[in-house]
Structures are given as C-alpha cells and as structure tokens.
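coords_35.cif follows; it contains mmCIF, C-alpha atoms and all ligand atoms.
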data_my_file
#
loop_
_atom_site.label_atom_id
_atom_site.label_comp_id
_atom_site.auth_asym_id
_atom_site.auth_seq_id
_atom_site.Cartn_x
_atom_site.Cartn_y
_atom_site.Cartn_z
CA MET A 1 0.57 -9.75 -1.22
CA ASP A 2 -2.00 -12.25 -2.43
CA ASP A 3 -1.76 -14.79 0.38
CA VAL A 4 -2.34 -12.41 3.28
CA THR A 5 -5.47 -12.98 5.33
CA ILE A 6 -7.06 -10.16 7.28
CA ARG A 7 -8.85 -11.47 10.35
CA LYS A 8 -9.67 -10.73 13.95
CA TYR A 9 -6.90 -11.00 16.52
CA CYS A 10 -6.80 -14.17 18.63
CA ASP A 11 -4.88 -14.86 21.87
CA GLU A 12 -2.10 -16.73 20.01
CA ASP A 13 -1.22 -13.46 18.21
CA ARG A 14 -0.33 -11.58 21.42
CA GLY A 15 3.46 -12.00 21.27
CA GLN A 16 3.78 -11.28 17.55
CA LEU A 17 1.46 -8.29 17.75
CA ALA A 18 3.50 -6.78 20.58
CA VAL A 19 6.70 -7.19 18.52
CA LEU A 20 5.00 -5.70 15.44
CA TRP A 21 3.82 -2.59 17.30
CA ARG A 22 7.21 -2.15 18.99
CA THR A 23 8.89 -2.37 15.56
CA VAL A 24 6.58 0.13 13.88
CA PHE A 25 6.12 2.50 16.86
CA PRO A 26 9.53 2.38 18.62
CA ASN A 27 9.09 5.73 20.34
CA ASP A 28 5.63 5.22 21.77
CA PRO A 29 5.07 6.51 25.33
CA PRO A 30 4.78 4.07 28.28
CA HIS A 31 0.97 4.20 28.30
CA ASN A 32 1.04 2.59 24.84
CA GLU A 33 3.02 -0.43 26.05
CA PRO A 34 1.76 -3.14 23.62
CA GLU A 35 0.90 -5.96 26.04
CA TYR A 36 -0.99 -3.52 28.25
CA VAL A 37 -2.88 -2.07 25.26
CA ILE A 38 -3.78 -5.53 23.93
CA ASP A 39 -5.08 -6.79 27.27
CA ALA A 40 -6.98 -3.58 28.02
CA LYS A 41 -8.54 -3.57 24.57
CA ARG A 42 -9.55 -7.24 24.80
CA ALA A 43 -11.24 -6.53 28.12
CA VAL A 44 -13.52 -4.05 26.31
CA ASP A 45 -14.12 -5.52 22.83
CA ASP A 46 -12.57 -7.67 20.11
CA LEU A 47 -11.89 -4.98 17.52
CA ILE A 48 -8.23 -5.77 16.87
CA PHE A 49 -7.43 -6.94 13.36
CA VAL A 50 -4.32 -8.58 11.98
CA ALA A 51 -2.86 -9.32 8.54
CA GLU A 52 -1.39 -12.80 8.62
CA SER A 53 0.28 -15.17 6.19
CA SER A 54 1.45 -18.68 7.16
CA GLY A 55 1.35 -17.85 10.85
CA THR A 56 3.33 -14.60 10.56
CA LEU A 57 1.79 -11.19 11.28
CA TYR A 58 2.66 -8.42 8.80
CA GLY A 59 0.23 -5.75 9.95
CA ALA A 60 -2.46 -4.86 12.44
CA CYS A 61 -4.87 -2.17 13.53
CA MET A 62 -7.48 -1.48 16.18
CA ALA A 63 -10.96 -0.01 15.91
CA GLY A 64 -13.40 1.29 18.47
CA TYR A 65 -17.12 2.04 18.43
CA ASP A 66 -18.87 4.01 21.14
CA GLY A 67 -22.36 3.88 19.62
CA HIS A 68 -21.89 7.28 18.01
CA ARG A 69 -18.57 7.24 16.17
CA GLY A 70 -16.12 4.63 15.05
CA TRP A 71 -12.38 5.15 15.44
CA LEU A 72 -9.27 3.60 13.96
CA TYR A 73 -6.03 3.30 15.92
CA ALA A 74 -2.51 1.94 15.74
CA LEU A 75 -2.50 0.91 12.09
CA ALA A 76 0.87 -0.66 11.42
CA VAL A 77 2.51 -2.64 8.62
CA LEU A 78 6.07 -3.99 8.91
CA PRO A 79 8.36 -1.63 6.95
CA GLU A 80 9.63 -4.20 4.43
CA TYR A 81 6.08 -5.25 3.51
CA ARG A 82 4.59 -1.83 2.81
CA ARG A 83 2.97 -0.73 -0.49
CA LYS A 84 1.44 -4.18 -0.96
CA ARG A 85 -2.10 -3.13 0.02
CA ILE A 86 -1.85 -4.71 3.48
CA GLY A 87 -2.66 -1.41 5.21
CA SER A 88 -5.60 -0.82 2.85
CA GLY A 89 -6.89 -4.32 3.53
CA LEU A 90 -6.74 -3.77 7.28
CA VAL A 91 -8.58 -0.44 7.10
CA GLU A 92 -11.25 -1.83 4.77
CA TYR A 93 -11.79 -4.82 7.05
CA ALA A 94 -11.98 -2.63 10.15
CA VAL A 95 -14.43 -0.22 8.49
CA ARG A 96 -16.63 -3.12 7.38
CA SER A 97 -16.58 -4.48 10.94
CA LEU A 98 -17.61 -1.08 12.30
CA LYS A 99 -20.41 -0.86 9.74
CA LEU A 100 -21.74 -4.24 10.89
CA LEU A 101 -22.00 -2.76 14.39
CA GLY A 102 -24.17 0.09 13.04
CA CYS A 103 -21.41 2.67 12.78
CA ARG A 104 -22.03 5.44 10.20
CA LYS A 105 -18.91 7.60 10.64
CA VAL A 106 -15.29 6.65 11.19
CA ASN A 107 -12.69 9.05 12.59
CA LEU A 108 -8.98 8.81 13.12
CA GLN A 109 -6.11 10.98 14.29
CA ILE A 110 -2.79 11.44 12.49
CA ARG A 111 0.20 13.38 13.80
CA SER A 112 0.31 16.64 11.85
CA THR A 113 3.84 15.77 10.65
CA ASN A 114 2.75 12.42 9.17
CA ALA A 115 2.02 13.50 5.58
CA GLU A 116 2.57 10.01 4.15
CA VAL A 117 -0.15 8.55 6.32
CA GLU A 118 -2.49 11.37 5.32
CA THR A 119 -1.84 10.41 1.68
CA PHE A 120 -2.54 6.78 2.55
CA TYR A 121 -5.88 7.53 4.22
CA SER A 122 -6.83 9.97 1.46
CA SER A 123 -6.39 7.13 -1.03
CA LEU A 124 -9.08 5.26 0.95
CA GLY A 125 -11.57 8.14 0.86
CA PHE A 126 -10.83 9.78 4.24
CA ARG A 127 -10.82 13.56 4.21
CA ARG A 128 -9.22 16.11 6.51
CA GLU A 129 -11.79 17.70 8.88
CA ASP A 130 -11.44 21.00 10.69
CA ARG A 131 -11.24 19.79 14.30
CA LEU A 132 -8.89 20.49 17.20
CA SER A 133 -7.78 17.26 18.86
CA MET A 134 -7.43 17.40 22.65
CA GLY A 135 -6.48 14.84 25.28
CA THR A 136 -5.32 14.35 28.86
CA LEU A 137 -3.51 11.57 30.68
CA ILE A 138 -5.39 10.16 33.68
CA ASP A 139 -3.12 9.40 36.66
C1 LIG B 201 0.44 3.78 6.80
C2 LIG B 201 0.74 2.33 6.52
C3 LIG B 201 -0.09 1.44 7.46
C4 LIG B 201 0.36 2.00 5.07
O1 LIG B 201 0.43 0.59 4.87
P1 LIG B 201 0.70 -0.03 3.42
O2 LIG B 201 0.39 -1.47 3.49
O3 LIG B 201 2.06 0.33 2.94
O4 LIG B 201 -0.36 0.76 2.53
P2 LIG B 201 -0.97 0.33 1.10
O5 LIG B 201 -0.01 -0.55 0.36
O6 LIG B 201 -2.33 -0.24 1.35
O7 LIG B 201 -1.08 1.75 0.38
C5 LIG B 201 -2.26 2.15 -0.31
C6 LIG B 201 -2.01 3.48 -0.97
O8 LIG B 201 -1.77 4.48 0.04
C7 LIG B 201 -0.79 5.42 -0.44
N1 LIG B 201 0.43 5.31 0.37
C8 LIG B 201 0.76 4.30 1.23
N2 LIG B 201 1.95 4.56 1.82
C9 LIG B 201 2.37 5.74 1.32
C10 LIG B 201 3.54 6.55 1.53
N3 LIG B 201 4.50 6.17 2.39
N4 LIG B 201 3.66 7.68 0.85
C11 LIG B 201 2.69 8.09 -0.02
N5 LIG B 201 1.56 7.38 -0.28
C12 LIG B 201 1.41 6.22 0.40
C13 LIG B 201 -0.51 5.01 -1.89
O9 LIG B 201 -1.45 5.70 -2.69
C14 LIG B 201 -0.79 3.52 -1.86
O10 LIG B 201 -1.11 3.00 -3.13
P3 LIG B 201 0.09 2.61 -4.18
O11 LIG B 201 1.08 1.79 -3.42
O12 LIG B 201 -0.65 1.84 -5.24
O13 LIG B 201 0.66 3.91 -4.65
C15 LIG B 201 2.26 2.02 6.71
O14 LIG B 201 3.00 2.92 5.93
C16 LIG B 201 2.73 2.11 8.14
O15 LIG B 201 2.66 1.12 8.91
N6 LIG B 201 3.23 3.30 8.55
C17 LIG B 201 3.80 3.50 9.88
C18 LIG B 201 2.77 3.45 10.98
C19 LIG B 201 1.85 4.65 10.95
O16 LIG B 201 2.26 5.78 10.80
N7 LIG B 201 0.53 4.33 11.15
C20 LIG B 201 -0.52 5.30 11.12
C21 LIG B 201 -0.64 6.08 12.37
S1 LIG B 201 -1.79 5.38 13.51
#
Structure re-expressed in structure tokens:
Amino acid sequence: MDDVTIRKYCDEDRGQLAVLWRTVFPNDPPHNEPEYVIDAKRAVDDLIFVAESSGTLYGACMAGYDGHRGWLYALAVLPEYRRKRIGSGLVEYAVRSLKLLGCRKVNLQIRSTNAEVETFYSSLGFRREDRLSMGTLID
C-alpha cells in the first residue's frame, strides 16, 4: 500500500490498536490483554509503532531496548491487508528506531510452529539462532 504511514503510536491510537491486536492474536493469554500491554509499555518507553492510512490502523509492532539488545514484539497486520509490505515497513522502522538508540543487535521470538513468520523475518535478513527460550510468569 502506497499511502500507509509508519509512525510512533500516540494516545489517540489506543482503541484501534487494542482492536487490531485482539483481531490478529485472538487466543492471547490474559497477561497480554491489549489495553494493559499498551499502558504498561507506555509507562516504560514509546517504542510502539503503527501503520496508518487516513486515520485507520492496519498494522503495529512493539520494540524494546535494554542497553544491550533490542527486541521486537507483537508484530501484527490485519489479515486482509497482508502481503502489501506493511509488516516489512513496520519492522524496518522499528529497527531504525532501535539503531538510533545505539542498539547493535535485534532479537525476536517466534513460536516454533509459525513457519510463515519465520519466512517473513528471513526475507528481512533475520536468521535462526541456536538458543533455548525460557520464561516464567510473575504472580
Ligand atoms: C507476519 C506478518 C506481520 C507479515 O506482514 P505482511 O505485511 O503481510 O508482510 P510483508 O507484505 O511485508 O511480507 C514481506 C515478505 O515476507 C514474506 N512473507 C510474508 N508473509 C508470508 C507468508 N504468510 N508466507 C510466506 N512468506 C511470507 C514474503 O517473502 C513477503 O514478500 P512477498 O509478498 O513479496 O512475497 C503478518 O502475516 C501477520 O500479522 N501475521 C500474524 C501475526 C504474527 O504471527 N506476528 C508475528 C509474531 S509476533
């Protein structure tokens, strides 16, 4: 899509972004509840990016930078608008934003069953790395 702008999230996007994430990630666990994630993220930094055209959001992603590594999270494009380079635009914008912060390496996690997303990230130069991903929920 030619007329899509990639930009930083602003407060007016909150409702649309929550709907977008619920549409693309309908089975997310309760700790990923969109409004909670948006508000928690905004309390820490402003690294949420959206793809917008004429006031409508078609995609979004988040990034994080801890001073050592950059991370990408929650990349989402509305199903009917995929394969129009919106996802690529979001990732490229997020990576450029991380680079401006001094970040030299960007990581991301993909569910092992998500082969299509691996193909997508491979097309942008990301490569599979031999790591074991671990996590814990904090009560
Ligand atoms: C992954 C996702 C963001 C890609 O967005 P997109 O806007 O469709 O991606 P692009 O149009 O920029 O694709 C760029 C290239 O990636 C590859 N690609 C993208 N989607 C692909 C798919 N489903 N299967 C195979 N290759 C794919 C292609 O090489 C594509 O180039 P082409 O269209 O010229 O062949 C989108 O499919 C999505 O929202 N998926 C569901 C959410 C998700 O799983 N997010 C990631 C986990 S955090």
Can I get the residues of chain A within 9 Å of ligand LIG 201 (chain B), each with the closest pair of atoms and their distance in Å to one decimal, using all atoms listed in the file, sorted chain first then ascending number, as CSV?
residue,atom,partner,partner_atom,distance
A:Trp21,CA,B:LIG201,C18,8.8
A:Val24,CA,B:LIG201,C18,5.8
A:Phe25,CA,B:LIG201,C18,6.8
A:Gly59,CA,B:LIG201,O15,7.4
A:Ala60,CA,B:LIG201,C3,8.4
A:Cys61,CA,B:LIG201,S1,8.2
A:Leu72,CA,B:LIG201,S1,7.7
A:Tyr73,CA,B:LIG201,S1,5.3
A:Ala74,CA,B:LIG201,S1,4.2
A:Leu75,CA,B:LIG201,N7,4.7
A:Ala76,CA,B:LIG201,O15,3.6
A:Val77,CA,B:LIG201,O15,3.8
A:Leu78,CA,B:LIG201,O15,6.1
A:Pro79,CA,B:LIG201,O15,6.6
A:Glu80,CA,B:LIG201,O3,8.9
A:Tyr81,CA,B:LIG201,O2,6.8
A:Arg82,CA,B:LIG201,O3,3.3
A:Arg83,CA,B:LIG201,O5,3.1
A:Lys84,CA,B:LIG201,O5,4.1
A:Arg85,CA,B:LIG201,O6,3.2
A:Ile86,CA,B:LIG201,O2,3.9
A:Gly87,CA,B:LIG201,O2,3.5
A:Ser88,CA,B:LIG201,O6,3.6
A:Gly89,CA,B:LIG201,O6,6.5
A:Leu90,CA,B:LIG201,O6,8.2
A:Val91,CA,B:LIG201,O6,8.5
A:Leu108,CA,B:LIG201,S1,8.0
A:Gln109,CA,B:LIG201,S1,7.1
A:Ile110,CA,B:LIG201,C21,5.8
A:Arg111,CA,B:LIG201,C21,7.5
A:Asn114,CA,B:LIG201,O16,6.9
A:Ala115,CA,B:LIG201,N4,7.7
A:Glu116,CA,B:LIG201,N4,4.2
A:Val117,CA,B:LIG201,C1,4.8
A:Glu118,CA,B:LIG201,N5,8.0
A:Thr119,CA,B:LIG201,N5,5.0
A:Phe120,CA,B:LIG201,O8,3.5
A:Tyr121,CA,B:LIG201,O8,6.6
A:Ser122,CA,B:LIG201,O8,7.6
A:Ser123,CA,B:LIG201,O9,5.4
A:Leu124,CA,B:LIG201,O8,7.4
Could you state the separation of atom CA of Lys41 of chain A and atom CA of Leu98 of chain A in Å, given to one decimal place?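 Going from atom CA of Lys41 of chain A over to atom CA of Leu98 of chain A covers 15.5 Å.
Omitting Gly70 of chain A and its sequence neighbours fewer than 2 positions away, and counting all atoms listed in the file, the residues within 9 Å are Ala63, Gly64, Tyr65, Asp66, Gly67, His68, Leu72, Val95, Leu98, Lys99, Cys103, Arg104, Lys105, Val106, Asn107 and Leu108 of chain A.
Straight-line separation from atom CA of Val4 of chain A to atom CA of Ala51 of chain A: 6.1 Å.
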Do you know which residues are at most 9 Å from Val50 of chain A counting only C-alpha atoms, after dropping those on the same chain fewer than 4 positions away, and could you put them as JSON, numbers by chain? {"A": [5, 6, 7, 8, 9, 13, 17, 57, 58, 59, 60, 61, 62, 90]}
What would the file look like if the residues just selected were written as a short mmCIF file (atom, residue, chain, number, x, y, z; two decimals), in the frame of the given file with C-alpha atoms?
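Ended up saving to again-v6.cif:
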data_model
loop_
_atom_site.label_atom_id
_atom_site.label_comp_id
_atom_site.auth_asym_id
_atom_site.auth_seq_id
_atom_site.Cartn_x
_atom_site.Cartn_y
_atom_site.Cartn_z
CA THR A 5 -5.47 -12.98 5.33
CA ILE A 6 -7.06 -10.16 7.28
CA ARG A 7 -8.85 -11.47 10.35
CA LYS A 8 -9.67 -10.73 13.95
CA TYR A 9 -6.90 -11.00 16.52
CA ASP A 13 -1.22 -13.46 18.21
CA LEU A 17 1.46 -8.29 17.75
CA LEU A 57 1.79 -11.19 11.28
CA TYR A 58 2.66 -8.42 8.80
CA GLY A 59 0.23 -5.75 9.95
CA ALA A 60 -2.46 -4.86 12.44
CA CYS A 61 -4.87 -2.17 13.53
CA MET A 62 -7.48 -1.48 16.18
CA LEU A 90 -6.74 -3.77 7.28
#
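Our summary of the geometry notes that atom CA of Leu47 of chain A is positioned 13.9 Å from atom CA of Arg14 of chain A.
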Residues near Ala18 of chain A, cut-off 10 Å, only C-alpha atoms, skip fewer than 2 positions along chain, as a PyMOL selection string: chain A and resi 13-16+20-23+33-38
Looking at A:Val44, A:Ala94, A:Leu100, A:Met134, which one is nearest to Trp71 of chain A, with distances taken over only C-alpha atoms?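 Of A:Val44, A:Ala94, A:Leu100, A:Met134, the one nearest Trp71 of chain A is A:Ala94, counting only C-alpha atoms.
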Where is the centre and how long are the edges: axis-aligned box on segment 132-139 of chain A, 4 Å on each side, Å to one decimal, as AutoDock Vina command-line options:
--center_x -6.0 --center_y 14.9 --center_z 26.9 --size_x 13.8 --size_y 19.1 --size_z 27.5
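Shortest separation to Ser133 of chain A among A:Ile48, A:Asn27, A:Ser112, A:Arg69 occurs at residue A:Ser112, atoms counted being all atoms listed in the file.
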